[in-house]
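> Coordinates in run.cif, mmCIF, C-alpha atoms, pLDDT in the B column; chains and numbers go by the auth columns, are listed below.
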data_coords
loop_
_atom_site.group_PDB
_atom_site.id
_atom_site.type_symbol
_atom_site.label_atom_id
_atom_site.label_comp_id
_atom_site.label_asym_id
_atom_site.label_seq_id
_atom_site.Cartn_x
_atom_site.Cartn_y
_atom_site.Cartn_z
_atom_site.B_iso_or_equiv
_atom_site.auth_seq_id
_atom_site.auth_asym_id
ATOM 1 C CA MET A 1 7.513 26.473 19.188 50.00 1 B
ATOM 2 C CA LYS A 2 5.602 23.757 17.396 56.00 2 B
ATOM 3 C CA THR A 3 4.467 24.298 13.851 61.00 3 B
ATOM 4 C CA ASN A 4 1.272 23.094 12.233 62.00 4 B
ATOM 5 C CA ALA A 5 3.258 20.399 10.420 59.00 5 B
ATOM 6 C CA HIS A 6 4.409 19.020 13.773 64.00 6 B
ATOM 7 C CA ARG A 7 0.831 18.910 15.086 69.00 7 B
ATOM 8 C CA LEU A 8 -0.279 16.987 12.000 69.00 8 B
ATOM 9 C CA LYS A 9 2.514 14.418 12.187 75.00 9 B
ATOM 10 C CA TRP A 10 0.993 11.936 14.667 77.00 10 B
ATOM 11 C CA PRO A 11 -2.607 12.099 13.398 80.00 11 B
ATOM 12 C CA LEU A 12 -1.317 11.441 9.868 78.00 12 B
ATOM 13 C CA ILE A 13 0.827 8.547 11.069 80.00 13 B
ATOM 14 C CA THR A 14 -2.161 7.133 12.985 81.00 14 B
ATOM 15 C CA LEU A 15 -4.406 7.421 9.926 83.00 15 B
ATOM 16 C CA PHE A 16 -1.758 5.758 7.796 83.00 16 B
ATOM 17 C CA ILE A 17 -1.426 2.830 10.231 83.00 17 B
ATOM 18 C CA ILE A 18 -5.206 2.390 10.266 83.00 18 B
ATOM 19 C CA TRP A 19 -5.206 2.488 6.449 83.00 19 B
ATOM 20 C CA THR A 20 -2.417 -0.106 6.365 81.00 20 B
ATOM 21 C CA PHE A 21 -4.435 -2.452 8.590 81.00 21 B
ATOM 22 C CA PHE A 22 -7.473 -1.890 6.381 82.00 22 B
ATOM 23 C CA VAL A 23 -5.492 -2.691 3.222 80.00 23 B
ATOM 24 C CA SER A 24 -3.948 -5.779 4.876 78.00 24 B
ATOM 25 C CA GLY A 25 -7.403 -6.945 5.915 76.00 25 B
ATOM 26 C CA MET A 26 -8.784 -6.398 2.436 77.00 26 B
ATOM 27 C CA VAL A 27 -5.899 -8.368 0.919 76.00 27 B
ATOM 28 C CA TYR A 28 -6.755 -11.210 3.302 72.00 28 B
ATOM 29 C CA VAL A 29 -10.480 -11.040 2.577 69.00 29 B
ATOM 30 C CA THR A 30 -9.979 -11.085 -1.182 72.00 30 B
ATOM 31 C CA GLN A 31 -7.269 -13.740 -1.194 70.00 31 B
ATOM 32 C CA LYS A 32 -8.809 -16.087 1.378 68.00 32 B
ATOM 33 C CA PRO A 33 -12.535 -15.336 1.607 65.00 33 B
ATOM 34 C CA ILE A 34 -14.641 -16.955 4.290 69.00 34 B
ATOM 35 C CA ALA A 35 -18.380 -16.960 3.653 72.00 35 B
ATOM 36 C CA PRO A 36 -20.994 -17.206 6.428 75.00 36 B
ATOM 37 C CA ALA A 37 -21.852 -20.683 5.113 79.00 37 B
ATOM 38 C CA ASP A 38 -18.231 -21.728 5.719 77.00 38 B
ATOM 39 C CA ILE A 39 -18.396 -20.515 9.309 74.00 39 B
ATOM 40 C CA ALA A 40 -21.655 -22.428 9.871 80.00 40 B
ATOM 41 C CA ALA A 41 -20.089 -25.562 8.358 80.00 41 B
ATOM 42 C CA LEU A 42 -17.043 -25.207 10.623 75.00 42 B
ATOM 43 C CA ALA A 43 -19.309 -25.017 13.669 77.00 43 B
ATOM 44 C CA GLN A 44 -20.743 -28.439 12.756 81.00 44 B
ATOM 45 C CA VAL A 45 -17.369 -30.191 12.419 77.00 45 B
ATOM 46 C CA ASP A 46 -16.131 -32.319 15.289 78.00 46 B
ATOM 47 C CA THR A 47 -12.613 -31.171 16.056 72.00 47 B
ATOM 48 C CA PRO A 48 -10.117 -34.021 16.375 71.00 48 B
ATOM 49 C CA PRO A 49 -7.783 -34.021 19.366 73.00 49 B
ATOM 50 C CA PHE A 50 -4.519 -32.156 18.934 70.00 50 B
ATOM 51 C CA ALA A 51 -1.779 -34.228 17.376 74.00 51 B
ATOM 52 C CA PHE A 52 1.633 -33.135 16.171 73.00 52 B
ATOM 53 C CA SER A 53 1.889 -33.233 12.398 80.00 53 B
ATOM 54 C CA ILE A 54 5.074 -32.513 10.531 87.00 54 B
ATOM 55 C CA THR A 55 2.993 -31.810 7.398 88.00 55 B
ATOM 56 C CA ALA A 56 0.974 -29.113 9.159 81.00 56 B
ATOM 57 C CA LEU A 57 4.130 -27.652 10.654 84.00 57 B
ATOM 58 C CA THR A 58 5.801 -27.567 7.230 89.00 58 B
ATOM 59 C CA ARG A 59 2.774 -25.923 5.609 88.00 59 B
ATOM 60 C CA THR A 60 2.603 -23.316 8.363 84.00 60 B
ATOM 61 C CA GLY A 61 6.314 -22.589 7.983 87.00 61 B
ATOM 62 C CA LEU A 62 5.979 -22.229 4.212 89.00 62 B
ATOM 63 C CA ASP A 63 2.934 -19.966 4.643 86.00 63 B
ATOM 64 C CA ALA A 64 4.940 -17.793 7.035 85.00 64 B
ATOM 65 C CA LEU A 65 7.849 -17.620 4.563 88.00 65 B
ATOM 66 C CA VAL A 66 5.513 -16.594 1.735 86.00 66 B
ATOM 67 C CA GLY A 67 4.013 -13.930 3.983 85.00 67 B
ATOM 68 C CA LEU A 68 7.468 -12.601 4.863 86.00 68 B
ATOM 69 C CA TRP A 69 8.424 -12.635 1.176 88.00 69 B
ATOM 70 C CA LEU A 70 5.314 -10.641 0.261 87.00 70 B
ATOM 71 C CA TRP A 71 6.007 -8.110 3.023 86.00 71 B
ATOM 72 C CA ALA A 72 9.645 -7.763 1.911 85.00 72 B
ATOM 73 C CA LEU A 73 8.419 -7.340 -1.664 87.00 73 B
ATOM 74 C CA ALA A 74 5.890 -4.722 -0.553 87.00 74 B
ATOM 75 C CA ILE A 75 8.500 -2.825 1.462 85.00 75 B
ATOM 76 C CA GLY A 76 10.921 -2.882 -1.478 83.00 76 B
ATOM 77 C CA LEU A 77 8.369 -1.647 -4.001 86.00 77 B
ATOM 78 C CA GLY A 78 6.747 0.855 -1.664 86.00 78 B
ATOM 79 C CA GLY A 79 10.161 2.093 -0.548 82.00 79 B
ATOM 80 C CA ARG A 80 10.950 3.047 -4.139 83.00 80 B
ATOM 81 C CA VAL A 81 7.783 5.131 -4.284 86.00 81 B
ATOM 82 C CA VAL A 82 8.427 6.719 -0.881 85.00 82 B
ATOM 83 C CA ARG A 83 11.979 7.685 -1.844 81.00 83 B
ATOM 84 C CA ARG A 84 10.744 9.193 -5.127 85.00 84 B
ATOM 85 C CA LEU A 85 8.061 11.245 -3.369 85.00 85 B
ATOM 86 C CA LEU A 86 10.008 12.059 -0.188 81.00 86 B
ATOM 87 C CA PRO A 87 13.757 11.995 -0.887 78.00 87 B
ATOM 88 C CA ALA A 88 14.571 13.026 2.697 75.00 88 B
ATOM 89 C CA ALA A 89 12.662 10.070 4.178 71.00 89 B
ATOM 90 C CA ASP A 90 14.876 7.399 5.654 70.00 90 B
ATOM 91 C CA GLY A 91 14.679 4.827 8.401 71.00 91 B
ATOM 92 C CA PRO A 92 11.555 3.403 9.991 75.00 92 B
ATOM 93 C CA GLU A 93 9.167 5.754 8.177 76.00 93 B
ATOM 94 C CA THR A 94 10.386 4.441 4.837 79.00 94 B
ATOM 95 C CA VAL A 95 9.675 0.891 5.963 80.00 95 B
ATOM 96 C CA ILE A 96 6.225 1.686 7.361 81.00 96 B
ATOM 97 C CA PHE A 97 5.057 3.879 4.494 84.00 97 B
ATOM 98 C CA GLY A 98 6.700 1.555 1.970 85.00 98 B
ATOM 99 C CA ALA A 99 4.908 -1.473 3.410 86.00 99 B
ATOM 100 C CA GLY A 100 1.533 0.256 3.206 86.00 100 B
ATOM 101 C CA LEU A 101 2.050 1.493 -0.336 89.00 101 B
ATOM 102 C CA GLY A 102 3.550 -1.828 -1.445 88.00 102 B
ATOM 103 C CA ILE A 103 0.713 -3.967 -0.060 89.00 103 B
ATOM 104 C CA GLY A 104 -1.793 -1.597 -1.667 88.00 104 B
ATOM 105 C CA GLY A 105 0.061 -1.873 -4.974 89.00 105 B
ATOM 106 C CA LEU A 106 0.213 -5.671 -4.771 88.00 106 B
ATOM 107 C CA GLY A 107 -3.511 -5.769 -4.058 87.00 107 B
ATOM 108 C CA LEU A 108 -4.241 -3.540 -7.037 89.00 108 B
ATOM 109 C CA ALA A 109 -2.014 -5.702 -9.258 88.00 109 B
ATOM 110 C CA ALA A 110 -3.918 -8.827 -8.179 88.00 110 B
ATOM 111 C CA LEU A 111 -7.195 -7.002 -8.796 88.00 111 B
ATOM 112 C CA ALA A 112 -6.041 -5.990 -12.291 90.00 112 B
ATOM 113 C CA LEU A 113 -5.042 -9.592 -13.082 89.00 113 B
ATOM 114 C CA GLY A 114 -8.414 -10.807 -11.869 89.00 114 B
ATOM 115 C CA LEU A 115 -10.355 -8.244 -13.872 91.00 115 B
ATOM 116 C CA ALA A 116 -8.360 -9.136 -16.980 92.00 116 B
ATOM 117 C CA GLY A 117 -9.184 -12.813 -16.440 91.00 117 B
ATOM 118 C CA TRP A 118 -5.540 -13.808 -16.022 90.00 118 B
ATOM 119 C CA LEU A 119 -5.631 -14.661 -12.328 87.00 119 B
ATOM 120 C CA SER A 120 -3.891 -18.010 -11.992 89.00 120 B
ATOM 121 C CA THR A 121 -1.117 -19.503 -9.918 87.00 121 B
ATOM 122 C CA ALA A 122 1.329 -19.186 -12.808 90.00 122 B
ATOM 123 C CA ALA A 123 0.443 -15.511 -13.394 89.00 123 B
ATOM 124 C CA LEU A 124 0.739 -14.643 -9.700 86.00 124 B
ATOM 125 C CA THR A 125 4.044 -16.504 -9.400 87.00 125 B
ATOM 126 C CA GLY A 126 5.417 -14.749 -12.477 89.00 126 B
ATOM 127 C CA LEU A 127 4.242 -11.379 -11.162 87.00 127 B
ATOM 128 C CA ALA A 128 5.827 -12.025 -7.770 86.00 128 B
ATOM 129 C CA ILE A 129 9.143 -13.073 -9.339 88.00 129 B
ATOM 130 C CA ALA A 130 9.190 -10.050 -11.674 89.00 130 B
ATOM 131 C CA LEU A 131 8.329 -7.647 -8.857 85.00 131 B
ATOM 132 C CA SER A 132 10.948 -9.285 -6.624 85.00 132 B
ATOM 133 C CA ALA A 133 13.575 -8.579 -9.276 86.00 133 B
ATOM 134 C CA ILE A 134 12.429 -4.945 -9.348 82.00 134 B
ATOM 135 C CA ALA A 135 12.315 -4.613 -5.545 78.00 135 B
ATOM 136 C CA ALA A 136 15.581 -6.428 -4.747 78.00 136 B
ATOM 137 C CA PRO A 137 17.958 -3.552 -5.576 75.00 137 B
ATOM 138 C CA ASN A 138 15.901 -1.206 -3.408 68.00 138 B
ATOM 139 C CA ARG A 139 15.895 -3.660 -0.501 68.00 139 B
ATOM 140 C CA LEU A 140 19.673 -4.059 -0.848 71.00 140 B
ATOM 141 C CA LYS A 141 20.139 -0.261 -0.762 71.00 141 B
ATOM 142 C CA MET A 142 17.973 -0.060 2.352 67.00 142 B
ATOM 143 C CA TRP A 143 19.996 -2.876 3.953 69.00 143 B
ATOM 144 C CA HIS A 144 23.350 -1.245 3.124 71.00 144 B
ATOM 145 C CA ARG A 145 22.162 2.111 4.448 70.00 145 B
ATOM 146 C CA TRP A 146 21.007 0.410 7.624 66.00 146 B
ATOM 147 C CA GLN A 147 24.380 -1.351 8.027 69.00 147 B
ATOM 148 C CA SER A 148 26.412 1.802 7.322 73.00 148 B
ATOM 149 C CA ARG A 149 24.558 4.032 9.770 66.00 149 B
ATOM 150 C CA PRO A 150 26.520 5.261 12.778 67.00 150 B
ATOM 151 C CA ARG A 151 26.284 2.746 15.588 64.00 151 B
ATOM 152 C CA ARG A 152 24.607 3.785 18.782 60.00 152 B
ATOM 153 C CA ARG A 153 24.465 2.015 22.091 58.00 153 B
ATOM 154 C CA ALA A 154 21.172 0.360 21.315 56.00 154 B
ATOM 155 C CA ALA A 155 18.746 0.863 18.470 58.00 155 B
ATOM 156 C CA ARG A 156 15.544 2.145 20.009 70.00 156 B
ATOM 157 C CA PHE A 157 12.407 2.067 17.967 72.00 157 B
ATOM 158 C CA PRO A 158 9.708 4.628 18.699 80.00 158 B
ATOM 159 C CA LEU A 159 6.692 3.335 20.594 80.00 159 B
ATOM 160 C CA PRO A 160 4.244 3.727 17.652 80.00 160 B
ATOM 161 C CA LEU A 161 6.521 1.556 15.506 79.00 161 B
ATOM 162 C CA LYS A 162 6.708 -1.103 18.234 81.00 162 B
ATOM 163 C CA VAL A 163 2.911 -1.095 18.573 83.00 163 B
ATOM 164 C CA TYR A 164 2.461 -1.288 14.806 83.00 164 B
ATOM 165 C CA LEU A 165 4.894 -4.190 14.435 80.00 165 B
ATOM 166 C CA ALA A 166 3.306 -6.056 17.349 83.00 166 B
ATOM 167 C CA LEU A 167 -0.205 -5.621 15.907 84.00 167 B
ATOM 168 C CA ALA A 168 0.889 -6.514 12.360 82.00 168 B
ATOM 169 C CA GLY A 169 2.751 -9.588 13.627 79.00 169 B
ATOM 170 C CA GLY A 170 -0.206 -10.689 15.737 79.00 170 B
ATOM 171 C CA MET A 171 -2.583 -10.232 12.822 79.00 171 B
ATOM 172 C CA ALA A 172 -0.276 -12.151 10.482 76.00 172 B
ATOM 173 C CA LEU A 173 0.054 -15.021 12.963 73.00 173 B
ATOM 174 C CA SER A 174 -3.690 -15.204 13.567 73.00 174 B
ATOM 175 C CA ILE A 175 -4.324 -15.252 9.810 71.00 175 B
ATOM 176 C CA ALA A 176 -1.677 -17.935 9.272 66.00 176 B
ATOM 177 C CA LEU A 177 -3.286 -20.136 11.905 65.00 177 B
ATOM 178 C CA LEU A 178 -6.775 -19.975 10.356 61.00 178 B
#
How does this structure look as structure tokens?


Amino acid sequence: MKTNAHRLKWPLITLFIIWTFFVSGMVYVTQKPIAPADIAALAQVDTPPFAFSITALTRTGLDALVGLWLWALAIGLGGRVVRRLLPAADGPETVIFGAGLGIGGLGLAALALGLAGWLSTAALTGLAIALSAIAAPNRLKMWHRWQSRPRRRAARFPLPLKVYLALAGGMALSIALL
């Protein structure tokens, strides 16, 4: 017999995934805004033929590493909050909920810095380093728990998690290529 809590599980997870995409999109819009005038100017530019550039490849790789670092930071910080609120939570739900809460928290921290007038590269770098020091122990605990879990034949992720990771990865790649 299914309880009301079981019936609410998937709609709540779906709403949370939609909220996570919204927060990720808002972080992108506020950090890398594109105005309609920029789009019109891009339409007027003659695109050069494709040529391999080690500089562009290096920049793209560094952008991807920074993105991965921010996601790891968000998961570490959000995971702390999730474990405080839901001590029984463990596994993929901690990662998903932690990522959403962490990205939201990072966005609010950047907003607070901007409103205070302290938004600069040095301030953001210092904030990221300080938050990384706070999140690192949590990420290490999550890693050790993951390594010490009983081994099964093959780790199977639930379909909603696979869909979420595929959509988040596709969105991150499309943003990195803009």

> Let me make sure I understand: among B:Gly25, B:Lys9, B:Lys141, B:Gly117, which one has the smallest atom-to-atom distance to Arg83 of chain B if we use all atoms listed in the file?

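Looking at the shortest contact to Arg83 of chain B, the residue is B:Lys141.
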
> Quick one: distance from atom CA of Pro158 of chain B to atom CA of Gly79 of chain B in Å, one decimal?

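Atom CA of Gly79 of chain B lies 19.4 Å from atom CA of Pro158 of chain B.
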
> Go ahead and compute the interatomic distance for atom CA of Val27 of chain B and atom CA of Ala110 of chain B, in Å to one decimal.

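Calculated distance between atom CA of Val27 of chain B and atom CA of Ala110 of chain B is 9.3 Å.
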
> Here is a test: counting all atoms listed in the file, which residue of B:Leu85, B:Ala37, B:Leu113, B:Ala99 is nearest to Trp71 of chain B?

B:Ala99

> Please list as a list of chain:residue names every residue within 9 Å of Pro160 of chain B, counting only C-alpha atoms and excluding residues in the same chain fewer than 5 positions away.

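Contacts, with the query itself left out: B:Ile13, B:Thr14, B:Leu165.
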
> What separation in Å, quoted to one decimal, exists between atom CA of Ala41 of chain B and atom CA of Phe21 of chain B?

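Interatomic distance, atom CA of Ala41 of chain B to atom CA of Phe21 of chain B: 27.9 Å.
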
> Here is a test: counting only C-alpha atoms, which residue of B:Gly104, B:Leu70, B:Leu167, B:Leu15 is nearest to Thr125 of chain B?

B:Leu70

> Enumerate, as a list of chain:residue names, the protein, DNA and RNA residues whose atoms approach (9.1, -7.7, -1.9) to within 10 Å, taking into account only C-alpha atoms and the coordinate frame of the file.

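I get B:Gly67, B:Leu68, B:Trp69, B:Leu70, B:Trp71, B:Ala72, B:Leu73, B:Ala74, B:Ile75, B:Gly76, B:Leu77, B:Gly78, B:Gly79, B:Ala99, B:Gly102, B:Ile103, B:Leu106, B:Ala128, B:Ile129, B:Leu131, B:Ser132, B:Ala133, B:Ile134, B:Ala135, B:Ala136, B:Asn138, B:Arg139 for the residues within 10 Å of that point.
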
> Closest to Ile17 of chain B among B:Pro137, B:Gly100, B:Gly126, B:Pro36, using only C-alpha atoms?

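Counting only C-alpha atoms, the residue closest to Ile17 of chain B is B:Gly100.
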